[in-house]
Amino acid sequence: MAVSPMEQFQVKPIIPLHIGGYDVSFTNQSLWMCVVVGAVSLFMAVAVSNRRLVPSRMQSMAEMSYEFVANMINMAAGEDGLRFFPFIFTIFLFVATSNFFGLLPGSFTVTSQIAVTFALTALVILTVIVTGFIKHGIGFLMLFVPKAPALMLILLVPLEVISFCTRPMSLSVRLFANMLAGHTMLKVMAGFVIALGGAGGIMAFLSVAPMALIVAVYLLEFLVAFLQAYVFAILSCIYLSEALHLHDNH
Amino acid sequence: MSEPDPDPEELRALGARLDEVQKQRRVRDVPPPPTQAGIAFRFTTELVLATAVGAAIGWCIDWAFHTRPFGIVIMSLFGAAAGIRAVIRAAEEINAQAAKAPARKNDEEK
């Protein structure tokens, strides 16, 4: 019996619910989102519940993640970007924890659903647009007008508009596709192990090769899980920084 | 309170040393450079998505002003151009990052 490598991404209802013609069932997706949010909240609550000047291991993990994100915002968006610290910190922790939890055997990867990543991105881009208009008023539209001779602007303004519209797409697709590709690859190779093992005889010994490869790819996936969360957070910072400062610090 | 009050002079010295350590740490906190597959993946998504978004905008223009097929043709070309520019920009970023990496090693040796 062949198991589809894509089966792991299926959203299945756990508690079916229909309100006003909409399907709002509590699914495995919702369950794992709750698990992620719960785990992060619990970790943070426990880590800071027993504060000491010389931190315990938990406390120093919480402090390190705090400082990591704070430094990142400081680097990418400057001092006044720190106003968005709670927002970026939440997004970073959510994405990183979802990616890591997705690597647990039998779990569900929340960030492998484009609906989730796109919702996160929409949140970021809406924040960018609202911040930009609050800070600069209608002048925010100057974001689309680069410093160039007037004749070139006919060509450059549509380019700027398109690249602005591409951002939410590339941000959400990058996270979603990385997770999807990595997990599919793991499942496909796991299928090789089972098929070779089931063939028996000399073939069974060959199944060690894909098994070793799975271990290697699994380790790589840990790097990808962190890196994608980092990329997601830092790109959000860069976009926010552009809304805050427009062209003045390029 | 079982601990004795710390000496303020000592605390200040400790603070200075911590600042020093932190300054060194900050250089190390630069993320690892992206893998080859990561770079390839980034370039393709930028290029394809920009073209697709350009085409989508063109389609909307056509739908609003009944100018089919000119909007979609012209805007896909603009989209492709935006995609190529995004790729060039991404390449510049990666180069800048790669240039920083050896400098980081030298700092650690000091």
# chains A, B, ... in the order shown; residues from 1 in each chain; ligands from 1
>>> residues_around(residues="segment 106-120 of chain A", least_positions_apart="4", cutoff="6 Å", atoms="only C-alpha atoms", output="PDB file with C-alpha atoms, in the first residue's frame")
ATOM      1  CA  SER A  98       5.396  25.956  14.372  1.00  0.00           C
ATOM      2  CA  GLY A 102       6.255  20.351  12.542  1.00  0.00           C
ATOM      3  CA  SER A 172       4.141  33.828   2.306  1.00  0.00           C
ATOM      4  CA  PHE A 176       5.000  27.786   2.878  1.00  0.00           C
ATOM      5  CA  MET A 179       8.068  23.752   4.732  1.00  0.00           C
ATOM      6  CA  LEU A 180       6.066  21.856   2.112  1.00  0.00           C
TER       7      LEU A 180
END
>>> interface_residues(of="chain A", to="chain B", cutoff="10 Å", atoms="only C-alpha atoms", output="list in words")
Phe68, Asn71, Met72, Leu155, Leu156, Pro158, Leu159, Glu160, Val161, Ile162, Ser163, Phe164, Cys165, Thr166, Arg167, Met169, Ser170, Leu171, Val173, Arg174, Ala177, Asn178, Leu223, Val224, Leu227, Tyr230 and Val231 of chain A
>>> atom_distance(atom1="atom CA of Ile129 of chain A", atom2="atom CA of Leu175 of chain A")
21.5 Å
>>> residues_around(residues="Val188 of chain A", least_positions_apart="2", cutoff="12 Å", atoms="only C-alpha atoms", output="number ranges by chain")
A: 2-8, 181-186, 190-195, 210-211, 213-214, 217
>>> write_last_selection(atoms="C-alpha atoms", output="CSV table (one decimal), in the first residue's frame")
chain,number,residue,atom,x,y,z
A,2,ALA,CA,1.5,3.3,-1.0
A,3,VAL,CA,0.9,6.3,1.2
A,4,SER,CA,0.8,9.6,-0.5
A,5,PRO,CA,3.6,12.0,0.7
A,6,MET,CA,1.1,14.8,0.6
A,7,GLU,CA,-1.3,13.1,3.0
A,8,GLN,CA,0.5,14.8,5.9
A,181,ALA,CA,9.2,20.8,0.1
A,182,GLY,CA,11.1,19.7,3.1
A,183,HIS,CA,8.4,17.6,4.6
A,184,THR,CA,7.4,16.1,1.3
A,185,MET,CA,11.0,15.1,0.7
A,186,LEU,CA,11.2,13.4,4.1
A,190,ALA,CA,10.8,7.3,4.1
A,191,GLY,CA,8.7,5.6,1.4
A,192,PHE,CA,11.9,4.4,-0.3
A,193,VAL,CA,13.0,2.8,3.0
A,194,ILE,CA,9.8,0.9,3.4
A,195,ALA,CA,9.7,-0.2,-0.2
A,210,PRO,CA,17.8,6.4,2.1
A,211,MET,CA,17.6,6.1,5.8
A,213,LEU,CA,19.8,10.5,3.8
A,214,ILE,CA,16.7,11.0,5.9
A,217,VAL,CA,17.8,16.0,5.5
>>> residues_around(residues="Phe84 of chain A", least_positions_apart="6", cutoff="9 Å", atoms="only C-alpha atoms", output="ChimeraX atom specification")
/A:73,237,240
